[in-house]
Amino acid sequence: MAIIEEIRLEVVVLADFCFHENMVKVIADNFSTSLKTLILTNCKINNKALDLLRDSERLNTIEMLTLNDNLIDSAGTRTLSTFFCPSLKWLCLSNNRIKNKGLYYLMKGDWPKLECLSLRKCEITNDGLRNISHANWTSLKKILCDSNNMYSHKNFAKNFGI
C-alpha cells in the first residue's frame, strides 16, 4: 500500500460501505501519517472494529472522526475513550446506541482540543448530558444532541444554566 503513503491523504471517506471488522485494521494501518479526517458513515462499524481501529498508530493526527450511523453502543464508547487522538477537534457519533452509559465512558477520553461532539439520535437524556461538564474537554464549544430523549428545551436550558 505504498501508494497511500506517497499520496499523503488528509481525508478518507467511506460511506454506506459494509465491511468485515478486520478491514478497519487494514485501512487504519495504511493511512497516511498526514490523515486529518476519517469518515466512516453507515459502515456497520461495531465494537470489535473499534478495538482494531484503536490499535492503529496513525490516529494521532486525526482532527475529525465521524462514525455516524454505525453499530456503536456504550461498550464501543469505552473503547473510543482510549483512542490516542491529541489533535481531535470534531467527534461525530450520531445515530448510534450510545445512551447515557456510553456518554459516561466518552467523557474519559483525553481529547484536549475537542471542540464539537455530535450525539444526535444516540438515546441520551438530560441526565446524561448534565454530567458532561466532568469531562476534561476544555476546548469544547458545541454539543449537538437533538433528536434524543430530552424532556424539553426549557428543562435542558435549566440544567445547563442557560
# chains A, B, ... in the order shown; residues from 1 in each chain; ligands from 1

$ residues_around --residues "A:Lys99" --least-positions-apart "2" --cutoff "7 Å" --atoms "only C-alpha atoms" --output "PyMOL selection string"
chain A and resi 74+97+101-103+122-124

$ select_by_dssp --residues "stretch 9-158 of chain A" --states "strand (DSSP E)" --output "JSON, numbers by chain"
{"A": [11, 12, 13, 14, 15, 37, 38, 39, 40, 41, 64, 65, 66, 90, 91, 92, 116, 117, 118, 142, 143, 144]}

$ closest_residue --among "A:Ile45, A:Leu40, A:Leu59, A:Leu140" --to "A:Phe84" --atoms "only C-alpha atoms"
A:Leu59

$ residues_around --residues "A:Asn148" --least-positions-apart "2" --cutoff "10 Å" --atoms "only C-alpha atoms" --output "PyMOL selection string"
chain A and resi 95+99+119-126+145-146+150-151

$ closest_residue --among "A:Ile27, A:Leu144, A:Ala75, A:Ser34" --to "A:Asp55" --atoms "only C-alpha atoms"
A:Ile27

$ atom_distance --atom1 "atom CA of A:Asn100" --atom2 "atom CA of A:Asp127"
7.5 Å

$ atom_distance --atom1 "atom CA of A:Gly109" --atom2 "atom CA of A:Val26"
24.1 Å

$ closest_residue --among "A:Met23, A:Met107, A:Leu14, A:Ile132" --to "A:Leu80" --atoms "only C-alpha atoms"
A:Met107

$ closest_residue --among "A:Leu91, A:Ile143, A:Val24, A:Leu50" --to "A:Trp111" --atoms "only C-alpha atoms"
A:Leu91

$ atom_distance --atom1 "atom CA of A:Leu38" --atom2 "atom CA of A:Leu88"
10.8 Å

$ residues_around --residues "A:Cys85" --least-positions-apart "2" --cutoff "8 Å" --atoms "only C-alpha atoms" --output "MDAnalysis selection string"
chainID A and resid 59:63 83 87:88 110:111

$ write_last_selection --atoms "C-alpha atoms" --output "PDB file, in the first residue's frame"
ATOM      1  CA  LEU A  59      -4.785   8.174  14.646  1.00  0.00           C
ATOM      2  CA  ASN A  60      -2.645  10.762  16.377  1.00  0.00           C
ATOM      3  CA  THR A  61      -3.082  13.258  13.507  1.00  0.00           C
ATOM      4  CA  ILE A  62      -6.887  12.894  13.257  1.00  0.00           C
ATOM      5  CA  GLU A  63      -8.799  16.143  13.739  1.00  0.00           C
ATOM      6  CA  PHE A  83      -8.115   6.411  21.391  1.00  0.00           C
ATOM      7  CA  SER A  87      -5.487  16.651  17.711  1.00  0.00           C
ATOM      8  CA  LEU A  88      -9.155  15.561  17.702  1.00  0.00           C
ATOM      9  CA  ASP A 110      -8.345  12.644  26.686  1.00  0.00           C
ATOM     10  CA  TRP A 111      -9.036  14.992  23.797  1.00  0.00           C
TER      11      TRP A 111
END

$ residues_around --residues "A:Asn70" --least-positions-apart "2" --cutoff "6 Å" --atoms "only C-alpha atoms" --output "PyMOL selection string"
chain A and resi 42+44-45+68+72+96

$ select_by_dssp --residues "stretch 71-116 of chain A" --states "helix (DSSP H, G or I)" --output "list in words"
Ser74, Ala75, Gly76, Thr77, Arg78, Thr79, Leu80, Lys99, Asn100, Lys101, Gly102, Leu103, Tyr104, Tyr105 and Leu106 of chain A

$ write_last_selection --atoms "N, CA and C atoms" --output "PDB file, in the first residue's frame"
ATOM      1  N   SER A  74     -22.597   1.488  24.160  1.00  0.00           N
ATOM      2  CA  SER A  74     -21.823   2.014  25.290  1.00  0.00           C
ATOM      3  C   SER A  74     -20.475   1.304  25.443  1.00  0.00           C
ATOM      4  N   ALA A  75     -20.409   0.024  25.151  1.00  0.00           N
ATOM      5  CA  ALA A  75     -19.117  -0.684  25.210  1.00  0.00           C
ATOM      6  C   ALA A  75     -18.150  -0.119  24.167  1.00  0.00           C
ATOM      7  N   GLY A  76     -18.674   0.240  23.027  1.00  0.00           N
ATOM      8  CA  GLY A  76     -17.837   0.847  21.992  1.00  0.00           C
ATOM      9  C   GLY A  76     -17.293   2.196  22.402  1.00  0.00           C
ATOM     10  N   THR A  77     -18.089   2.962  23.143  1.00  0.00           N
ATOM     11  CA  THR A  77     -17.594   4.271  23.588  1.00  0.00           C
ATOM     12  C   THR A  77     -16.497   4.118  24.634  1.00  0.00           C
ATOM     13  N   ARG A  78     -16.536   3.024  25.367  1.00  0.00           N
ATOM     14  CA  ARG A  78     -15.446   2.754  26.318  1.00  0.00           C
ATOM     15  C   ARG A  78     -14.136   2.596  25.535  1.00  0.00           C
ATOM     16  N   THR A  79     -14.191   1.893  24.421  1.00  0.00           N
ATOM     17  CA  THR A  79     -13.020   1.738  23.558  1.00  0.00           C
ATOM     18  C   THR A  79     -12.616   3.083  22.957  1.00  0.00           C
ATOM     19  N   LEU A  80     -13.598   3.811  22.444  1.00  0.00           N
ATOM     20  CA  LEU A  80     -13.309   5.121  21.845  1.00  0.00           C
ATOM     21  C   LEU A  80     -12.586   6.037  22.819  1.00  0.00           C
ATOM     22  N   LYS A  99     -26.331   5.940  24.428  1.00  0.00           N
ATOM     23  CA  LYS A  99     -27.061   6.070  25.692  1.00  0.00           C
ATOM     24  C   LYS A  99     -26.222   6.798  26.747  1.00  0.00           C
ATOM     25  N   ASN A 100     -26.801   7.030  27.907  1.00  0.00           N
ATOM     26  CA  ASN A 100     -26.125   7.762  28.981  1.00  0.00           C
ATOM     27  C   ASN A 100     -24.852   7.056  29.444  1.00  0.00           C
ATOM     28  N   LYS A 101     -24.911   5.745  29.541  1.00  0.00           N
ATOM     29  CA  LYS A 101     -23.737   4.979  29.980  1.00  0.00           C
ATOM     30  C   LYS A 101     -22.569   5.184  29.013  1.00  0.00           C
ATOM     31  N   GLY A 102     -22.867   5.184  27.729  1.00  0.00           N
ATOM     32  CA  GLY A 102     -21.827   5.405  26.730  1.00  0.00           C
ATOM     33  C   GLY A 102     -21.241   6.800  26.805  1.00  0.00           C
ATOM     34  N   LEU A 103     -22.083   7.785  27.077  1.00  0.00           N
ATOM     35  CA  LEU A 103     -21.593   9.151  27.228  1.00  0.00           C
ATOM     36  C   LEU A 103     -20.661   9.245  28.431  1.00  0.00           C
ATOM     37  N   TYR A 104     -21.009   8.536  29.492  1.00  0.00           N
ATOM     38  CA  TYR A 104     -20.146   8.490  30.677  1.00  0.00           C
ATOM     39  C   TYR A 104     -18.742   7.989  30.296  1.00  0.00           C
ATOM     40  N   TYR A 105     -18.672   6.927  29.502  1.00  0.00           N
ATOM     41  CA  TYR A 105     -17.368   6.411  29.070  1.00  0.00           C
ATOM     42  C   TYR A 105     -16.650   7.407  28.171  1.00  0.00           C
ATOM     43  N   LEU A 106     -17.387   8.030  27.267  1.00  0.00           N
ATOM     44  CA  LEU A 106     -16.771   9.009  26.358  1.00  0.00           C
ATOM     45  C   LEU A 106     -16.082  10.127  27.119  1.00  0.00           C
TER      46      LEU A 106
END

$ closest_residue --among "A:Thr41, A:Arg58, A:Lys108, A:Asp73" --to "A:Asn131" --atoms "only C-alpha atoms"
A:Lys108

$ residues_around --residues "A:Cys92" --least-positions-apart "2" --cutoff "6 Å" --atoms "only C-alpha atoms" --output "list of chain:residue names"
A:Thr66, A:Leu67, A:Ser94, A:Leu117, A:Ser118
